[in-house]
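Peer 1: Sharing work28.pdb, PDB, C-alpha atoms:
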```pdb
ATOM      1  CA  MET A   1     -12.229 -13.491  22.253
ATOM      2  CA  SER A   2      -9.243 -15.675  21.605
ATOM      3  CA  ASP A   3      -6.544 -17.898  23.047
ATOM      4  CA  LEU A   4      -8.300 -19.318  26.105
ATOM      5  CA  HIS A   5      -5.581 -21.968  26.459
ATOM      6  CA  PHE A   6      -7.351 -24.269  28.894
ATOM      7  CA  GLY A   7      -4.509 -25.972  30.692
ATOM      8  CA  ALA A   8      -2.982 -22.533  31.213
ATOM      9  CA  GLU A   9      -6.221 -20.571  31.549
ATOM     10  CA  ASP A  10      -6.680 -17.495  33.703
ATOM     11  CA  LYS A  11      -9.638 -18.457  35.868
ATOM     12  CA  ALA A  12     -10.215 -14.897  37.074
ATOM     13  CA  ALA A  13     -10.221 -13.575  33.497
ATOM     14  CA  LEU A  14     -12.644 -16.283  32.381
ATOM     15  CA  ALA A  15     -15.006 -15.481  35.258
ATOM     16  CA  TRP A  16     -14.791 -11.788  34.358
ATOM     17  CA  PHE A  17     -15.628 -12.504  30.713
ATOM     18  CA  ALA A  18     -18.563 -14.713  31.710
ATOM     19  CA  ARG A  19     -19.962 -11.875  33.836
ATOM     20  CA  GLU A  20     -19.476  -9.463  30.917
ATOM     21  CA  ALA A  21     -21.305 -11.814  28.561
ATOM     22  CA  GLN A  22     -24.213 -12.237  30.961
ATOM     23  CA  ALA A  23     -24.501  -8.469  31.364
ATOM     24  CA  GLN A  24     -24.086  -7.542  27.697
ATOM     25  CA  ARG A  25     -26.074 -10.419  26.144
ATOM     26  CA  PRO A  26     -24.286 -10.318  22.781
ATOM     27  CA  ASP A  27     -25.877 -11.602  19.573
ATOM     28  CA  ALA A  28     -22.915 -13.955  19.104
ATOM     29  CA  ILE A  29     -19.519 -14.831  20.511
ATOM     30  CA  ILE A  30     -16.623 -15.517  18.146
ATOM     31  CA  VAL A  31     -13.665 -17.494  19.487
ATOM     32  CA  THR A  32     -10.641 -17.177  17.218
ATOM     33  CA  GLY A  33      -8.837 -20.316  18.270
ATOM     34  CA  ASP A  34      -6.521 -21.930  20.805
ATOM     35  CA  LEU A  35      -9.132 -23.235  23.198
ATOM     36  CA  THR A  36      -6.497 -25.493  24.739
ATOM     37  CA  MET A  37      -2.832 -25.567  25.602
ATOM     38  CA  ARG A  38      -1.880 -28.997  24.260
ATOM     39  CA  ALA A  39      -5.145 -30.328  22.771
ATOM     40  CA  ARG A  40      -5.524 -32.797  25.633
ATOM     41  CA  ARG A  41      -8.965 -34.313  26.094
ATOM     42  CA  ARG A  42      -9.283 -32.921  29.618
ATOM     43  CA  GLU A  43      -8.451 -29.431  28.316
ATOM     44  CA  PHE A  44     -11.147 -29.686  25.649
ATOM     45  CA  ARG A  45     -13.660 -30.930  28.216
ATOM     46  CA  ALA A  46     -12.905 -27.960  30.470
ATOM     47  CA  ALA A  47     -13.193 -25.551  27.542
ATOM     48  CA  GLN A  48     -16.458 -27.140  26.434
ATOM     49  CA  ASP A  49     -17.944 -26.978  29.934
ATOM     50  CA  TRP A  50     -17.108 -23.277  30.189
ATOM     51  CA  LEU A  51     -18.167 -22.263  26.692
ATOM     52  CA  GLU A  52     -21.529 -23.974  27.091
ATOM     53  CA  THR A  53     -22.359 -21.601  29.960
ATOM     54  CA  LEU A  54     -22.135 -18.532  27.713
ATOM     55  CA  PRO A  55     -25.429 -16.893  26.675
ATOM     56  CA  ALA A  56     -24.965 -16.588  22.894
ATOM     57  CA  PRO A  57     -24.402 -18.609  19.726
ATOM     58  CA  LEU A  58     -20.752 -19.521  19.209
ATOM     59  CA  SER A  59     -18.482 -19.655  16.194
ATOM     60  CA  ILE A  60     -15.139 -21.275  16.982
ATOM     61  CA  GLU A  61     -12.012 -21.177  14.863
ATOM     62  CA  VAL A  62      -9.334 -23.827  15.200
ATOM     63  CA  GLY A  63      -5.991 -22.656  16.579
ATOM     64  CA  ASN A  64      -2.604 -24.286  16.266
ATOM     65  CA  HIS A  65      -2.739 -25.345  19.938
ATOM     66  CA  ASP A  66      -5.989 -27.209  19.231
ATOM     67  CA  LEU A  67      -4.258 -29.772  17.017
ATOM     68  CA  PRO A  68      -2.941 -32.844  18.874
ATOM     69  CA  PHE A  69       0.590 -32.105  20.028
ATOM     70  CA  PHE A  70       1.836 -35.393  21.471
ATOM     71  CA  ASN A  71      -0.168 -37.845  19.331
ATOM     72  CA  LEU A  72       1.014 -37.500  15.736
ATOM     73  CA  PHE A  73      -1.369 -40.200  14.527
ATOM     74  CA  ALA A  74      -4.360 -38.251  15.859
ATOM     75  CA  ARG A  75      -2.924 -35.027  14.419
ATOM     76  CA  PHE A  76      -2.981 -36.503  10.917
ATOM     77  CA  ALA A  77      -5.903 -38.925  11.075
ATOM     78  CA  ASP A  78      -8.434 -37.017  13.197
ATOM     79  CA  PRO A  79      -7.038 -33.584  14.110
ATOM     80  CA  TYR A  80     -10.365 -32.065  15.182
ATOM     81  CA  GLY A  81     -11.965 -35.087  16.824
ATOM     82  CA  ARG A  82     -11.306 -33.872  20.353
ATOM     83  CA  PHE A  83     -13.662 -30.931  19.935
ATOM     84  CA  GLU A  84     -16.463 -33.484  20.504
ATOM     85  CA  ARG A  85     -19.656 -31.685  21.478
ATOM     86  CA  LEU A  86     -18.311 -28.338  20.257
ATOM     87  CA  GLU A  87     -17.942 -29.784  16.775
ATOM     88  CA  ARG A  88     -21.190 -28.116  15.680
ATOM     89  CA  ASP A  89     -19.648 -24.712  16.389
ATOM     90  CA  ILE A  90     -16.340 -25.219  14.565
ATOM     91  CA  GLU A  91     -16.088 -22.726  11.713
ATOM     92  CA  ARG A  92     -19.757 -21.964  12.058
ATOM     93  CA  ARG A  93     -20.909 -19.203   9.746
ATOM     94  CA  LEU A  94     -23.081 -16.612  11.478
ATOM     95  CA  ASP A  95     -25.621 -14.474   9.631
ATOM     96  CA  LEU A  96     -26.537 -11.752  12.095
ATOM     97  CA  PRO A  97     -28.681  -8.677  11.443
ATOM     98  CA  GLY A  98     -26.473  -6.479   9.267
ATOM     99  CA  LEU A  99     -23.372  -8.593   9.888
ATOM    100  CA  ASP A 100     -21.928 -11.794   8.431
ATOM    101  CA  ILE A 101     -19.161 -13.779  10.167
ATOM    102  CA  ILE A 102     -17.343 -16.006   7.683
ATOM    103  CA  PRO A 103     -14.860 -18.632   8.965
ATOM    104  CA  LEU A 104     -11.401 -19.159   7.486
ATOM    105  CA  ARG A 105      -9.068 -21.915   8.665
ATOM    106  CA  THR A 106      -5.412 -20.899   8.972
ATOM    107  CA  THR A 107      -3.949 -23.970  10.691
ATOM    108  CA  ALA A 108      -2.140 -26.892   9.054
ATOM    109  CA  ARG A 109      -1.447 -30.437  10.194
ATOM    110  CA  VAL A 110       2.013 -30.227   8.656
ATOM    111  CA  GLN A 111       4.075 -27.540   6.924
ATOM    112  CA  TRP A 112       7.311 -27.393   4.962
ATOM    113  CA  ARG A 113       9.015 -25.510   7.798
ATOM    114  CA  LEU A 114      10.021 -26.377  11.323
ATOM    115  CA  ASP A 115       7.521 -24.145  13.141
ATOM    116  CA  TRP A 116       4.071 -25.601  12.543
ATOM    117  CA  SER A 117       2.478 -23.101  14.928
ATOM    118  CA  LYS A 118       2.468 -20.382  12.279
ATOM    119  CA  GLY A 119      -0.351 -19.653   9.853
ATOM    120  CA  HIS A 120      -0.883 -21.418   6.556
ATOM    121  CA  MET A 121      -3.305 -20.428   3.818
ATOM    122  CA  THR A 122      -4.315 -22.451   0.754
ATOM    123  CA  PRO A 123      -6.001 -21.267  -2.449
ATOM    124  CA  ALA A 124      -8.911 -23.640  -1.780
ATOM    125  CA  ARG A 125      -9.646 -22.041   1.600
ATOM    126  CA  VAL A 126      -9.480 -18.565   0.106
ATOM    127  CA  GLU A 127     -11.851 -19.523  -2.694
ATOM    128  CA  GLN A 128     -14.307 -21.007  -0.208
ATOM    129  CA  ALA A 129     -14.284 -17.808   1.839
ATOM    130  CA  LYS A 130     -14.679 -15.688  -1.304
ATOM    131  CA  GLY A 131     -17.748 -17.721  -2.220
ATOM    132  CA  SER A 132     -19.231 -17.067   1.213
ATOM    133  CA  LEU A 133     -18.532 -13.350   0.810
ATOM    134  CA  VAL A 134     -20.457 -13.314  -2.447
ATOM    135  CA  ARG A 135     -23.456 -14.970  -0.771
ATOM    136  CA  ALA A 136     -23.309 -12.769   2.350
ATOM    137  CA  HIS A 137     -26.109 -10.322   3.063
ATOM    138  CA  GLY A 138     -24.014  -7.642   4.764
ATOM    139  CA  PRO A 139     -23.705  -4.736   4.802
ATOM    140  CA  ILE A 140     -20.720  -5.707   7.002
ATOM    141  CA  ARG A 141     -18.754  -8.863   6.227
ATOM    142  CA  LEU A 142     -16.056 -10.093   8.607
ATOM    143  CA  ILE A 143     -13.660 -12.995   8.177
ATOM    144  CA  ALA A 144     -12.825 -14.920  11.381
ATOM    145  CA  CYS A 145      -9.566 -16.870  11.575
ATOM    146  CA  HIS A 146      -6.903 -17.768  14.124
ATOM    147  CA  HIS A 147      -3.709 -16.352  12.636
ATOM    148  CA  PRO A 148      -3.385 -12.740  11.469
ATOM    149  CA  LEU A 149      -3.005 -12.802   7.701
ATOM    150  CA  ILE A 150      -0.273 -10.155   7.846
ATOM    151  CA  GLU A 151       1.970  -9.208  10.731
ATOM    152  CA  PRO A 152       0.056  -7.085  13.271
ATOM    153  CA  GLU A 153       3.108  -5.268  14.660
ATOM    154  CA  THR A 154       2.825  -6.999  18.018
ATOM    155  CA  ARG A 155       5.514  -8.902  19.904
ATOM    156  CA  GLY A 156       3.989 -12.187  18.792
ATOM    157  CA  THR A 157       4.165 -13.115  15.120
ATOM    158  CA  ALA A 158       2.022 -15.137  12.735
ATOM    159  CA  ARG A 159       4.203 -15.452   9.638
ATOM    160  CA  THR A 160       1.177 -16.767   7.765
ATOM    161  CA  HIS A 161       2.207 -18.491   4.556
ATOM    162  CA  GLY A 162       0.130 -17.029   1.733
ATOM    163  CA  GLY A 163      -1.474 -14.551   4.120
ATOM    164  CA  ARG A 164      -0.837 -11.350   2.169
ATOM    165  CA  GLU A 165      -2.254 -12.859  -1.005
ATOM    166  CA  ALA A 166      -5.265 -14.156   0.915
ATOM    167  CA  LEU A 167      -5.913 -10.763   2.496
ATOM    168  CA  GLU A 168      -5.786  -9.015  -0.867
ATOM    169  CA  ALA A 169      -8.152 -11.533  -2.457
ATOM    170  CA  LEU A 170     -10.636 -11.351   0.417
ATOM    171  CA  ALA A 171     -10.587  -7.555   0.530
ATOM    172  CA  LEU A 172     -11.302  -7.324  -3.183
ATOM    173  CA  ALA A 173     -14.096  -9.883  -2.753
ATOM    174  CA  GLY A 174     -15.838  -7.640  -0.224
ATOM    175  CA  ALA A 175     -14.427  -8.433   3.233
ATOM    176  CA  ASP A 176     -14.699  -5.420   5.514
ATOM    177  CA  GLY A 177     -12.478  -6.824   8.229
ATOM    178  CA  ILE A 178     -10.471  -9.755   9.561
ATOM    179  CA  LEU A 179     -10.924 -11.056  13.121
ATOM    180  CA  SER A 180      -7.980 -13.033  14.480
ATOM    181  CA  GLY A 181      -6.038 -14.031  17.592
ATOM    182  CA  HIS A 182      -2.793 -15.976  18.098
ATOM    183  CA  VAL A 183      -0.494 -13.100  19.137
ATOM    184  CA  HIS A 184      -2.081 -12.586  22.608
ATOM    185  CA  ASP A 185      -2.169  -8.774  22.295
ATOM    186  CA  PRO A 186      -5.207  -6.899  20.965
ATOM    187  CA  TYR A 187      -5.103  -4.387  18.124
ATOM    188  CA  ASP A 188      -7.418  -2.572  15.737
ATOM    189  CA  ARG A 189      -6.131  -0.873  12.617
ATOM    190  CA  THR A 190      -7.242  -0.202   9.069
ATOM    191  CA  ILE A 191      -5.226  -0.668   5.906
ATOM    192  CA  GLU A 192      -6.109  -0.072   2.261
ATOM    193  CA  ILE A 193      -5.834  -2.605  -0.529
ATOM    194  CA  GLU A 194      -6.304  -1.078  -3.978
ATOM    195  CA  GLY A 195      -8.354   1.675  -2.398
ATOM    196  CA  GLN A 196     -10.469  -0.764  -0.387
ATOM    197  CA  PRO A 197     -10.270  -0.214   3.410
ATOM    198  CA  VAL A 198      -9.960  -3.388   5.473
ATOM    199  CA  ARG A 199     -10.140  -3.483   9.267
ATOM    200  CA  LEU A 200      -7.650  -5.768  11.010
ATOM    201  CA  ILE A 201      -9.007  -6.652  14.456
ATOM    202  CA  GLY A 202      -7.020  -8.855  16.802
ATOM    203  CA  ALA A 203      -8.255 -10.251  20.110
ATOM    204  CA  GLY A 204      -5.942 -10.739  23.077
ATOM    205  CA  THR A 205      -5.921 -13.709  25.434
ATOM    206  CA  LEU A 206      -7.937 -14.909  28.422
ATOM    207  CA  SER A 207      -5.090 -17.134  29.590
ATOM    208  CA  GLU A 208      -2.072 -16.786  31.841
ATOM    209  CA  ARG A 209       0.108 -16.605  28.716
ATOM    210  CA  VAL A 210       0.020 -12.820  28.461
ATOM    211  CA  ARG A 211       2.603 -10.796  26.557
ATOM    212  CA  ASP A 212       2.416  -6.993  26.476
ATOM    213  CA  SER A 213      -1.260  -6.713  27.517
ATOM    214  CA  ARG A 214      -3.337  -8.069  30.338
ATOM    215  CA  PRO A 215      -6.272 -10.412  29.503
ATOM    216  CA  SER A 216      -8.880  -8.846  27.248
ATOM    217  CA  TYR A 217     -11.586  -9.323  24.651
ATOM    218  CA  ASN A 218     -13.028  -7.152  21.878
ATOM    219  CA  ALA A 219     -16.602  -5.867  22.033
ATOM    220  CA  ILE A 220     -17.836  -5.293  18.468
ATOM    221  CA  ARG A 221     -20.927  -3.294  17.627
ATOM    222  CA  THR A 222     -22.460  -2.489  14.267
ATOM    223  CA  GLU A 223     -25.005   0.054  13.128
ATOM    224  CA  GLY A 224     -25.694   0.184   9.425
ATOM    225  CA  GLU A 225     -22.306   0.256   7.754
ATOM    226  CA  ALA A 226     -20.540   1.495  10.901
ATOM    227  CA  LEU A 227     -18.326  -0.893  12.852
ATOM    228  CA  ALA A 228     -17.138  -0.005  16.357
ATOM    229  CA  VAL A 229     -14.551  -2.006  18.306
ATOM    230  CA  GLU A 230     -13.846  -1.568  22.007
ATOM    231  CA  ILE A 231     -10.929  -3.465  23.546
ATOM    232  CA  ARG A 232     -11.959  -4.382  27.085
ATOM    233  CA  TYR A 233      -9.286  -5.339  29.589
ATOM    234  CA  ALA A 234      -9.751  -7.424  32.699
ATOM    235  CA  ALA A 235      -9.369  -5.467  35.919
TER     236      ALA A 235
END
```
Translate the structure of the given file into structure tokens.
Peer 2:
Amino acid sequence: MSDLHFGAEDKAALAWFAREAQAQRPDAIIVTGDLTMRARRREFRAAQDWLETLPAPLSIEVGNHDLPFFNLFARFADPYGRFERLERDIERRLDLPGLDIIPLRTTARVQWRLDWSKGHMTPARVEQAKGSLVRAHGPIRLIACHHPLIEPETRGTARTHGGREALEALALAGADGILSGHVHDPYDRTIEIEGQPVRLIGAGTLSERVRDSRPSYNAIRTEGEALAVEIRYAA
């Protein structure tokens, strides 16, 4: 799931997801960023309280809305401090039976462009993820990040700096797919990079900030080397 945006959350959608999680009992829940609307402490506390009720291990990516918006000192000096008791789950690598979830940070405290909400990749982050891919057990290896690395053909955009190069490097290093959020509309498509198929899987939103789709999440199942994705929409 992605883009909970506490502060502009959809309470009915969150309650629906919680019921789904209790019924399905997943092996893990991956949150691809934007827990909050403006990274306020009260928004993080509300997100933490809700996430702690879910019945599975969490891996949480940092979204651009999770960096302090009004307090520039905090944004530069301690940008992730407000996660508090969720800190243990930030960019947590998950080694599940037959499936590895490898975190990749795509946010930046500052960029050489006016819109800091867009994605930003660095060679160091790519190399770190490539190292995790090498050590992964597989057979399925998924990268989890907030921003799509290339444009997903949705109304929302990512414009991730260095994203295409990162995607190519990760695909050639053995990534089978990329999980992301940010654009608030779900998608699932496969592209090829030098003959290597890579699944691009985007989660929608569970907030009131919907675009072309109503609130949703992606249910992912694996069996051997098979990966199935079902986009589930709130009623």
Peer 1: Find the spatial neighbours of segment 191-204 of chain A, counting only C-alpha atoms, within a cut-off of 9 Å - ignore same-chain residues fewer than 4 positions away - and output them as a PDB file with C-alpha atoms, in the frame of the given file.
Peer 2:
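Writing the result to out16.pdb gives the following:
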```pdb
ATOM      1  CA  MET A   1     -12.229 -13.491  22.253  1.00  0.00           C
ATOM      2  CA  SER A   2      -9.243 -15.675  21.605  1.00  0.00           C
ATOM      3  CA  ASP A   3      -6.544 -17.898  23.047  1.00  0.00           C
ATOM      4  CA  THR A  32     -10.641 -17.177  17.218  1.00  0.00           C
ATOM      5  CA  LEU A 142     -16.056 -10.093   8.607  1.00  0.00           C
ATOM      6  CA  PRO A 148      -3.385 -12.740  11.469  1.00  0.00           C
ATOM      7  CA  PRO A 152       0.056  -7.085  13.271  1.00  0.00           C
ATOM      8  CA  LEU A 167      -5.913 -10.763   2.496  1.00  0.00           C
ATOM      9  CA  GLU A 168      -5.786  -9.015  -0.867  1.00  0.00           C
ATOM     10  CA  ALA A 171     -10.587  -7.555   0.530  1.00  0.00           C
ATOM     11  CA  LEU A 172     -11.302  -7.324  -3.183  1.00  0.00           C
ATOM     12  CA  GLY A 174     -15.838  -7.640  -0.224  1.00  0.00           C
ATOM     13  CA  ALA A 175     -14.427  -8.433   3.233  1.00  0.00           C
ATOM     14  CA  ASP A 176     -14.699  -5.420   5.514  1.00  0.00           C
ATOM     15  CA  GLY A 177     -12.478  -6.824   8.229  1.00  0.00           C
ATOM     16  CA  ILE A 178     -10.471  -9.755   9.561  1.00  0.00           C
ATOM     17  CA  LEU A 179     -10.924 -11.056  13.121  1.00  0.00           C
ATOM     18  CA  SER A 180      -7.980 -13.033  14.480  1.00  0.00           C
ATOM     19  CA  GLY A 181      -6.038 -14.031  17.592  1.00  0.00           C
ATOM     20  CA  HIS A 182      -2.793 -15.976  18.098  1.00  0.00           C
ATOM     21  CA  VAL A 183      -0.494 -13.100  19.137  1.00  0.00           C
ATOM     22  CA  HIS A 184      -2.081 -12.586  22.608  1.00  0.00           C
ATOM     23  CA  ASP A 185      -2.169  -8.774  22.295  1.00  0.00           C
ATOM     24  CA  PRO A 186      -5.207  -6.899  20.965  1.00  0.00           C
ATOM     25  CA  TYR A 187      -5.103  -4.387  18.124  1.00  0.00           C
ATOM     26  CA  VAL A 210       0.020 -12.820  28.461  1.00  0.00           C
ATOM     27  CA  SER A 213      -1.260  -6.713  27.517  1.00  0.00           C
ATOM     28  CA  ARG A 214      -3.337  -8.069  30.338  1.00  0.00           C
ATOM     29  CA  PRO A 215      -6.272 -10.412  29.503  1.00  0.00           C
ATOM     30  CA  SER A 216      -8.880  -8.846  27.248  1.00  0.00           C
ATOM     31  CA  TYR A 217     -11.586  -9.323  24.651  1.00  0.00           C
ATOM     32  CA  ASN A 218     -13.028  -7.152  21.878  1.00  0.00           C
ATOM     33  CA  VAL A 229     -14.551  -2.006  18.306  1.00  0.00           C
ATOM     34  CA  ILE A 231     -10.929  -3.465  23.546  1.00  0.00           C
TER      35      ILE A 231
END
```
Peer 1: Quick one: pull the distance between atom CA of Ala234 of chain A and atom CA of Leu86 of chain A, Å, one decimal.
Peer 2: 25.8 Å
Peer 1: Taking the file as shown, find all residues satisfying the PyMOL selection byres ((chain A and resi 123-139) around 7) and write them as a PyMOL selection string.
Peer 2: chain A and resi 98-100+102+104+121-122+140-141+166+170+173-175+225
Peer 1: For a cut-off of 10 Å around (-5.0, -28.4, 34.0), file coordinates, pick out all residues using all atoms listed in the file and list them as a PyMOL selection string.
Peer 2: chain A and resi 5-9+36-37+40+42-43+46
Peer 1: Any chance you could export the current selection's C-alpha atoms as a PDB file, in the frame of the given file?
Peer 2:
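Contents of part_16.pdb, freshly written:
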```pdb
ATOM      1  CA  HIS A   5      -5.581 -21.968  26.459  1.00  0.00           C
ATOM      2  CA  PHE A   6      -7.351 -24.269  28.894  1.00  0.00           C
ATOM      3  CA  GLY A   7      -4.509 -25.972  30.692  1.00  0.00           C
ATOM      4  CA  ALA A   8      -2.982 -22.533  31.213  1.00  0.00           C
ATOM      5  CA  GLU A   9      -6.221 -20.571  31.549  1.00  0.00           C
ATOM      6  CA  THR A  36      -6.497 -25.493  24.739  1.00  0.00           C
ATOM      7  CA  MET A  37      -2.832 -25.567  25.602  1.00  0.00           C
ATOM      8  CA  ARG A  40      -5.524 -32.797  25.633  1.00  0.00           C
ATOM      9  CA  ARG A  42      -9.283 -32.921  29.618  1.00  0.00           C
ATOM     10  CA  GLU A  43      -8.451 -29.431  28.316  1.00  0.00           C
ATOM     11  CA  ALA A  46     -12.905 -27.960  30.470  1.00  0.00           C
TER      12      ALA A  46
END
```
Peer 1: Given all atoms listed in the file as the basis, pick out the residue of A:Arg93, A:Arg113, A:Arg41, A:His65 nearest to His147 of chain A.
Peer 2: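 Selected residue with least distance to His147 of chain A: A:His65.
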Peer 1: Between atom CA of Asp49 of chain A and atom CA of Thr107 of chain A, what is the spacing in Å?
Peer 2: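 Computed distance, atom CA of Thr107 of chain A to atom CA of Asp49 of chain A, equals 24.0 Å.
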Peer 1: Which one is closest to Phe17 of chain A: A:Leu94, A:Ala228, A:Leu149, A:Ala219? Count all atoms listed in the file.
Peer 2: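 Once distances to Phe17 of chain A are computed over all atoms listed in the file, the minimum belongs to A:Ala219.
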Peer 1: Nearest residue to Arg232 of chain A out of A:Leu206, A:Arg109, A:Ala158, A:Asp89, using all atoms listed in the file?
Peer 2: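 Among the listed residues, the smallest separation from Arg232 of chain A belongs to A:Leu206.
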Peer 1: Between A:Gln48, A:Thr154, A:Thr106, A:Asn64, which residue has the minimum interatomic distance to Asp34 of chain A, considering all atoms listed in the file?
Peer 2: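 For Asp34 of chain A, the nearest of the given residues is A:Asn64.
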Peer 1: Name the residues that the PyMOL selection byres ((chain A and resi 57) around 10) picks from the file above, as a ChimeraX atom specification, using the file's chain letters and numbers.
Peer 2: /A:26-30,52,54-56,58-59,89,92,94
Peer 1: With C-alpha atoms retained, export the selected residues as a PDB file, in the frame of the given file.
Peer 2:
```pdb
ATOM      1  CA  PRO A  26     -24.286 -10.318  22.781  1.00  0.00           C
ATOM      2  CA  ASP A  27     -25.877 -11.602  19.573  1.00  0.00           C
ATOM      3  CA  ALA A  28     -22.915 -13.955  19.104  1.00  0.00           C
ATOM      4  CA  ILE A  29     -19.519 -14.831  20.511  1.00  0.00           C
ATOM      5  CA  ILE A  30     -16.623 -15.517  18.146  1.00  0.00           C
ATOM      6  CA  GLU A  52     -21.529 -23.974  27.091  1.00  0.00           C
ATOM      7  CA  LEU A  54     -22.135 -18.532  27.713  1.00  0.00           C
ATOM      8  CA  PRO A  55     -25.429 -16.893  26.675  1.00  0.00           C
ATOM      9  CA  ALA A  56     -24.965 -16.588  22.894  1.00  0.00           C
ATOM     10  CA  LEU A  58     -20.752 -19.521  19.209  1.00  0.00           C
ATOM     11  CA  SER A  59     -18.482 -19.655  16.194  1.00  0.00           C
ATOM     12  CA  ASP A  89     -19.648 -24.712  16.389  1.00  0.00           C
ATOM     13  CA  ARG A  92     -19.757 -21.964  12.058  1.00  0.00           C
ATOM     14  CA  LEU A  94     -23.081 -16.612  11.478  1.00  0.00           C
TER      15      LEU A  94
END
```
Peer 1: Of the candidates A:Arg159, A:Arg164, A:Arg38, A:Arg105, which one gets nearest to Cys145 of chain A if we count only C-alpha atoms?
Peer 2: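 Ranked by minimum distance to Cys145 of chain A, first place goes to A:Arg105.
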Peer 1: Rounded to one decimal, what separation in Å do you get between atom CA of Ala15 of chain A and atom CA of Arg209 of chain A?
Peer 2: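 Spanning atom CA of Ala15 of chain A to atom CA of Arg209 of chain A is a straight-line distance of 16.5 Å.
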Peer 1: Using all atoms listed in the file for the distances, tell me which of A:Asp212, A:Asp66, A:Asp95, A:Asp115 is nearest to Gly81 of chain A.
Peer 2: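 Of the candidates, the smallest distance to Gly81 of chain A is held by A:Asp66.
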